[in-house]
Structures are given as structure tokens and as C-alpha cells.
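Enquirer: Data: upload_2.csv, CSV, C-alpha atoms.
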```csv
chain,number,residue,atom,x,y,z
A,12,PRO,CA,68.4,93.0,115.2
A,13,VAL,CA,70.8,95.6,116.6
A,14,HIS,CA,71.8,99.2,116.1
A,15,ILE,CA,75.6,99.6,115.5
A,16,GLU,CA,77.7,102.8,115.5
A,17,TYR,CA,81.3,103.1,114.6
A,18,PHE,CA,83.5,106.0,115.7
A,19,GLU,CA,86.9,106.9,114.5
A,20,LYS,CA,89.8,107.6,117.0
A,21,ASN,CA,89.2,111.3,116.8
A,22,GLY,CA,85.5,110.8,117.8
A,23,ASN,CA,84.0,111.4,114.4
A,24,LEU,CA,81.0,109.1,113.6
A,25,GLY,CA,82.0,106.7,110.8
A,26,PHE,CA,78.6,105.1,110.3
A,27,SER,CA,75.4,104.4,112.2
A,28,GLN,CA,72.7,101.9,111.1
A,29,ASN,CA,70.5,99.1,112.1
A,30,ALA,CA,71.8,95.6,111.3
A,31,GLY,CA,71.5,91.9,112.0
A,32,MET,CA,73.9,90.2,114.5
A,33,ARG,CA,74.7,86.7,115.6
A,34,ILE,CA,77.4,84.9,117.6
A,35,HIS,CA,80.3,83.9,115.3
A,36,GLY,CA,82.6,80.8,115.7
A,37,GLY,CA,82.8,77.8,117.9
A,38,LYS,CA,85.3,78.2,120.7
A,39,THR,CA,84.3,81.8,121.2
A,40,ARG,CA,80.9,80.6,122.6
A,41,GLN,CA,82.7,79.3,125.7
A,42,GLY,CA,84.0,82.7,126.7
A,43,ALA,CA,82.3,85.7,128.2
A,44,GLN,CA,83.4,87.9,125.3
A,45,LYS,CA,81.9,86.5,122.1
A,46,SER,CA,82.9,87.0,118.5
A,47,LEU,CA,80.0,88.7,116.7
A,48,LYS,CA,79.0,88.7,113.0
A,49,PHE,CA,77.1,91.8,111.6
A,50,TYR,CA,74.9,91.7,108.6
A,51,ALA,CA,73.7,94.6,106.5
A,52,ARG,CA,70.3,93.9,104.9
A,53,ASP,CA,67.5,96.0,103.8
A,54,ILE,CA,65.1,94.3,106.2
A,55,TYR,CA,67.1,95.9,109.0
A,56,ASP,CA,68.1,99.2,107.3
A,57,LYS,CA,70.6,99.5,104.5
A,58,LYS,CA,71.8,96.7,102.2
A,59,TYR,CA,75.5,97.5,102.9
A,60,PHE,CA,77.9,99.0,105.4
A,61,ASP,CA,79.2,101.8,103.2
A,62,TYR,CA,82.5,102.4,105.0
A,63,LYS,CA,86.2,101.6,104.6
A,64,LEU,CA,86.5,99.2,107.5
A,65,MET,CA,89.9,97.7,106.6
A,66,PRO,CA,93.0,99.9,106.6
A,67,HIS,CA,95.0,97.9,103.9
A,68,ARG,CA,92.1,97.4,101.5
A,69,PRO,CA,90.6,99.9,99.1
A,70,HIS,CA,87.2,98.2,99.6
A,71,ASP,CA,84.5,100.5,101.1
A,72,ARG,CA,81.3,98.4,100.9
A,73,TYR,CA,80.5,95.4,103.0
A,74,LYS,CA,77.6,93.1,103.3
A,75,ARG,CA,78.9,91.6,106.6
A,76,PHE,CA,81.9,91.7,108.9
A,77,VAL,CA,83.1,90.0,112.0
A,78,LEU,CA,83.9,91.6,115.4
A,79,GLN,CA,86.4,89.0,116.6
A,80,THR,CA,87.3,88.3,120.2
A,81,THR,CA,90.9,87.3,121.0
A,82,PHE,CA,89.6,84.4,123.0
A,83,GLY,CA,91.6,81.8,121.1
A,84,SER,CA,94.9,83.6,121.8
A,85,TRP,CA,94.8,84.3,125.5
A,86,GLU,CA,97.4,81.7,126.3
A,87,ASN,CA,100.0,83.6,124.3
A,88,ALA,CA,99.4,87.1,123.2
A,89,ILE,CA,96.2,88.7,122.0
A,90,VAL,CA,98.0,90.0,118.9
A,91,SER,CA,99.0,86.5,117.7
A,92,ASP,CA,96.2,86.1,115.1
A,93,VAL,CA,96.6,89.5,113.5
A,94,LEU,CA,100.4,89.1,113.5
A,95,SER,CA,100.0,85.8,111.6
A,96,HIS,CA,98.0,87.6,108.9
A,97,GLU,CA,100.6,90.4,108.7
A,98,VAL,CA,103.2,87.6,108.0
A,99,ALA,CA,100.8,86.2,105.3
A,100,ARG,CA,100.4,89.6,103.7
A,101,GLU,CA,104.2,90.0,103.4
A,102,MET,CA,104.4,86.5,101.8
A,103,GLY,CA,101.7,87.3,99.2
A,104,ILE,CA,99.3,84.8,100.7
A,105,ASP,CA,95.6,85.8,101.0
A,106,TYR,CA,95.2,87.4,104.4
A,107,LEU,CA,92.5,88.9,106.6
A,108,ASP,CA,92.9,92.6,107.3
A,109,TYR,CA,92.0,93.9,110.8
A,110,ARG,CA,91.1,96.9,112.8
A,111,PRO,CA,91.3,96.8,116.6
A,112,VAL,CA,88.4,98.6,118.3
A,113,ALA,CA,87.2,99.4,121.8
A,114,VAL,CA,83.7,97.8,122.0
A,115,PHE,CA,80.8,99.2,124.0
A,116,ILE,CA,77.5,97.2,124.3
A,117,ASN,CA,74.5,99.2,125.5
A,118,GLY,CA,77.0,101.9,126.7
A,119,GLU,CA,79.0,99.4,128.8
A,120,TYR,CA,82.7,98.8,128.0
A,121,TRP,CA,83.0,95.3,126.6
A,122,GLY,CA,86.7,95.1,125.8
A,123,ILE,CA,89.1,95.3,122.9
A,124,GLN,CA,88.0,93.3,119.8
A,125,ILE,CA,89.1,93.2,116.2
A,126,ILE,CA,87.0,94.0,113.1
A,127,ARG,CA,87.7,91.3,110.5
A,128,ASP,CA,86.3,90.4,107.1
A,129,LYS,CA,83.9,87.6,106.7
A,130,ILE,CA,85.5,85.0,104.5
A,131,ASP,CA,83.0,84.3,101.7
A,132,GLU,CA,82.8,84.6,97.9
A,133,ARG,CA,82.6,88.4,98.1
A,134,TYR,CA,85.8,88.7,100.1
A,135,VAL,CA,87.7,86.3,97.8
A,136,ALA,CA,86.4,88.3,94.8
A,137,TYR,CA,87.2,91.8,95.9
A,138,SER,CA,90.6,90.9,97.5
A,139,ASN,CA,91.7,89.2,94.3
A,140,ASN,CA,90.1,91.4,91.7
A,141,LEU,CA,87.7,88.7,90.5
A,142,ASN,CA,84.1,88.5,89.6
A,143,GLU,CA,82.1,87.3,92.5
A,144,ASP,CA,80.2,84.8,90.2
A,145,SER,CA,83.4,83.1,89.3
A,146,VAL,CA,84.3,82.2,93.0
A,147,GLU,CA,82.9,79.2,94.8
A,148,ILE,CA,83.9,78.2,98.4
A,149,ARG,CA,83.5,74.5,98.9
A,150,GLY,CA,83.9,72.4,102.0
A,151,PHE,CA,86.8,70.1,102.6
A,152,TYR,CA,85.1,67.3,100.7
A,153,ASN,CA,85.5,69.1,97.4
A,154,VAL,CA,85.1,66.4,94.7
A,155,PRO,CA,87.6,67.8,92.2
A,156,PHE,CA,90.2,68.3,94.9
A,157,LEU,CA,89.6,64.8,96.2
A,158,TYR,CA,90.2,63.5,92.6
A,159,LEU,CA,93.4,65.5,92.6
A,160,THR,CA,94.6,64.0,95.9
A,161,VAL,CA,93.9,60.5,94.5
A,162,PHE,CA,95.9,61.4,91.4
A,163,VAL,CA,98.8,62.6,93.6
A,164,ASP,CA,98.7,59.4,95.7
A,165,GLU,CA,98.6,57.1,92.7
A,166,ASN,CA,101.2,58.8,90.5
A,167,ASP,CA,104.9,59.6,90.8
A,168,MET,CA,105.2,63.3,91.3
A,169,SER,CA,108.9,63.2,90.3
A,170,GLU,CA,107.8,62.6,86.7
A,171,ALA,CA,107.5,66.0,85.0
A,172,GLU,CA,104.2,65.1,83.2
A,173,ASN,CA,102.4,64.3,86.4
A,174,TYR,CA,103.7,67.4,88.3
A,175,GLU,CA,102.8,69.6,85.4
A,176,TYR,CA,99.2,68.2,85.4
A,177,VAL,CA,98.9,69.0,89.1
A,178,LYS,CA,100.1,72.6,88.4
A,179,THR,CA,97.2,73.1,86.0
A,180,LYS,CA,94.8,72.3,88.9
A,181,LEU,CA,96.5,74.0,91.8
A,182,ASP,CA,98.6,77.1,92.5
A,183,ILE,CA,101.6,75.1,93.7
A,184,GLU,CA,103.8,78.0,94.9
A,185,ASN,CA,100.9,79.5,96.9
A,186,PHE,CA,100.0,76.0,98.3
A,187,ILE,CA,103.6,75.4,99.5
A,188,ASP,CA,103.9,78.9,101.0
A,189,TYR,CA,100.5,78.5,102.7
A,190,HIS,CA,101.6,75.2,104.4
A,191,ILE,CA,105.0,76.7,105.4
A,192,LEU,CA,103.2,79.5,107.1
A,193,GLN,CA,100.7,77.3,109.0
A,194,MET,CA,103.6,75.1,110.2
A,195,TYR,CA,105.8,78.0,111.2
A,196,LEU,CA,102.9,79.6,113.1
A,197,ARG,CA,102.2,76.2,114.9
A,198,ASN,CA,98.5,76.4,113.9
A,199,PHE,CA,97.0,73.6,116.0
A,200,ASP,CA,93.5,74.5,114.8
A,201,TRP,CA,94.4,73.3,111.3
A,202,PRO,CA,94.3,71.3,108.9
A,203,ALA,CA,91.6,69.2,110.5
A,204,ASN,CA,89.5,72.3,111.3
A,205,ASN,CA,89.0,75.8,109.8
A,206,LEU,CA,89.7,74.8,106.2
A,207,SER,CA,87.7,75.5,103.1
A,208,LEU,CA,88.7,75.1,99.5
A,209,ILE,CA,88.1,77.9,97.0
A,210,HIS,CA,87.3,77.1,93.4
A,211,ILE,CA,87.9,79.8,90.8
```
What would you get if you wrote out this structure as C-alpha cells?

Expert:
Amino acid sequence: PVHIEYFEKNGNLGFSQNAGMRIHGGKTRQGAQKSLKFYARDIYDKKYFDYKLMPHRPHDRYKRFVLQTTFGSWENAIVSDVLSHEVAREMGIDYLDYRPVAVFINGEYWGIQIIRDKIDERYVAYSNNLNEDSVEIRGFYNVPFLYLTVFVDENDMSEAENYEYVKTKLDIENFIDYHILQMYLRNFDWPANNLSLIHI
């Protein structure tokens, strides 16, 4: 349990409430500056963070959000992750919006971190104008997707009938653009890691 306050650049208080918090991510645990995940629940205070956290999204109600460290990008530039999402946004690929913030913990300056959305069914639903009940995030071993990969392996994709079938199961253009982006960005933490399949 924690108390969190968010101030705008002009010093105005955005929101102030009790919440739940835990360390977020894997690699971040190795650094002094951790990524943190915040939860709004009525057992702490309010059921939501009622605030427009993301500048490019109209959404103004969150159950949870991540305060992300730039730990994974120190070897290059601390903006590399948010820059990659800016490129994705321009390509029409799902992206995570961001808001850089100066963080203080118990009044002590903790550094610059980035507010990010928590990728879950709520995020997919509101960022794609979908009903939350129609979205399911599955792990990599997604049975329908595995069946589709078997179909692709065992059938000639140069035959129109086979390719058209795959298009009924997968957004091909988005899938291609997504892979182009990951390769262009030299994402070494993918595809063996940080991958989930979304079923709509």
C-alpha cells in the first residue's frame, strides 16, 4: 500500500490517492531504479485513477498503470523505448503512450521515469474501441494460433485459397508491419520474450 500524488508541470495537483504498488518487470529488478506498477482498488481508496494520464489518448480512467524505468535502454539512449512507440503510432500499429515524469519517493528525488499503460484486456479494449469482454490475452502457447502455424507450415501459402484462409484468422498487414518494426528497431528482447497473443 502507498499514497501517490501526481502534479502537472505548472505545479497543480492532478490526483492524490492511496493505491497498491509492486515492482514491475524482470530486468528492472537488477537496477537501483525499479519499474513500478500502481493499482487502484477500493480496498486502498478509489476503484480508479480518474485522470488523463496519457497525452495521445482520450481515456481518463485507469485501473492500473506502470511507472517505467529506462533501465533497459541505458546502453543507447533513455528515449529509445518511447521513440519506438512513436514510430509504431505513425505506422498505425498498437502502441503504448507515455508521459515522462520526475519521481520523488518519500520526498527524495528518484529520477526520471515514464508513465505507461499496463497492457491488459482493458488497454486493448479502450485503445481499439472494443468491448472489454471481447478481448482475451493469451500466452505464446495459444492453441488456435499454434493450429494456424501448423497450417502455414504444412500448406503452400502461394496458393490463394490457403493464403485467404490465413487472412480470416490473422490481420496480415498489421502482422507484417509489426515484424518489420521489430526488426528495424533491432529488438533483441523479442520474439522469444515479451510476447503475448491477443484474441478478439

Enquirer: Restricting the calculation to all atoms listed in the file: of A:Glu172, A:Glu143, A:Asp128, A:Asp164, which residue gets closest to A:Tyr50?

Expert: A:Asp128

Enquirer: Hey, can you check how far atom CA of A:Ile130 sits from atom CA of A:Asn117?

Expert: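 Computed distance, atom CA of A:Ile130 to atom CA of A:Asn117, equals 27.6 Å.
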
Enquirer: Taking into account all atoms listed in the file, which residue in the set A:Leu78, A:Val177, A:Leu107, A:Met65 is nearest to A:Tyr158?

Expert: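 Looking only at the distances to A:Tyr158, the closest residue turns out to be A:Val177.
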
Enquirer: Quick one: distance from atom CA of A:Met194 to atom CA of A:Phe156 in Å, one decimal?

Expert: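 If I compute the distance from atom CA of A:Met194 to atom CA of A:Phe156, I get 21.4 Å.
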
Enquirer: Nearest to A:Val114 among A:Leu47, A:Ile148, A:Met32, A:Leu181, with distances taken over only C-alpha atoms: which residue is it?

Expert: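 Result for the nearest residue to A:Val114: A:Leu47.
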
Enquirer: Distance atom CA of A:His70-atom CA of A:Ser138, one decimal place?

Expert: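 Interatomic distance, atom CA of A:His70 to atom CA of A:Ser138: 8.3 Å.
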
Enquirer: Which is closer to A:Met102 than all the others in A:Asn198, A:Asn173, A:Asn185, A:Gln124, using all atoms listed in the file?

Expert: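 When distances to A:Met102 are compared using all atoms listed in the file, the smallest one comes from A:Asn185.
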
Enquirer: When you count all atoms listed in the file, which of these residues is closest to A:Val77: A:Ile187, A:Ile123, A:Leu196, A:Ile34?

Expert: A:Ile34

Enquirer: Rank A:Ile126, A:Ala99, A:Val154, A:Leu24 by their smallest atom-to-atom distance to A:Ser46, using all atoms listed in the file, and report the top residue only.

Expert: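 Distance minimum relative to A:Ser46 lands on A:Ile126.
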
Enquirer: Neighbours of A:Tyr109 within 9 Å (all atoms listed in the file; same-chain residues fewer than 5 positions away dropped), as a CSV table (one decimal) with C-alpha atoms, in the coordinates of the input?

Expert:
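The new file out_9.csv reads:
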```csv
chain,number,residue,atom,x,y,z
A,64,LEU,CA,86.5,99.2,107.5
A,65,MET,CA,89.9,97.7,106.6
A,66,PRO,CA,93.0,99.9,106.6
A,67,HIS,CA,95.0,97.9,103.9
A,93,VAL,CA,96.6,89.5,113.5
A,96,HIS,CA,98.0,87.6,108.9
A,125,ILE,CA,89.1,93.2,116.2
A,126,ILE,CA,87.0,94.0,113.1
A,127,ARG,CA,87.7,91.3,110.5
A,128,ASP,CA,86.3,90.4,107.1
```
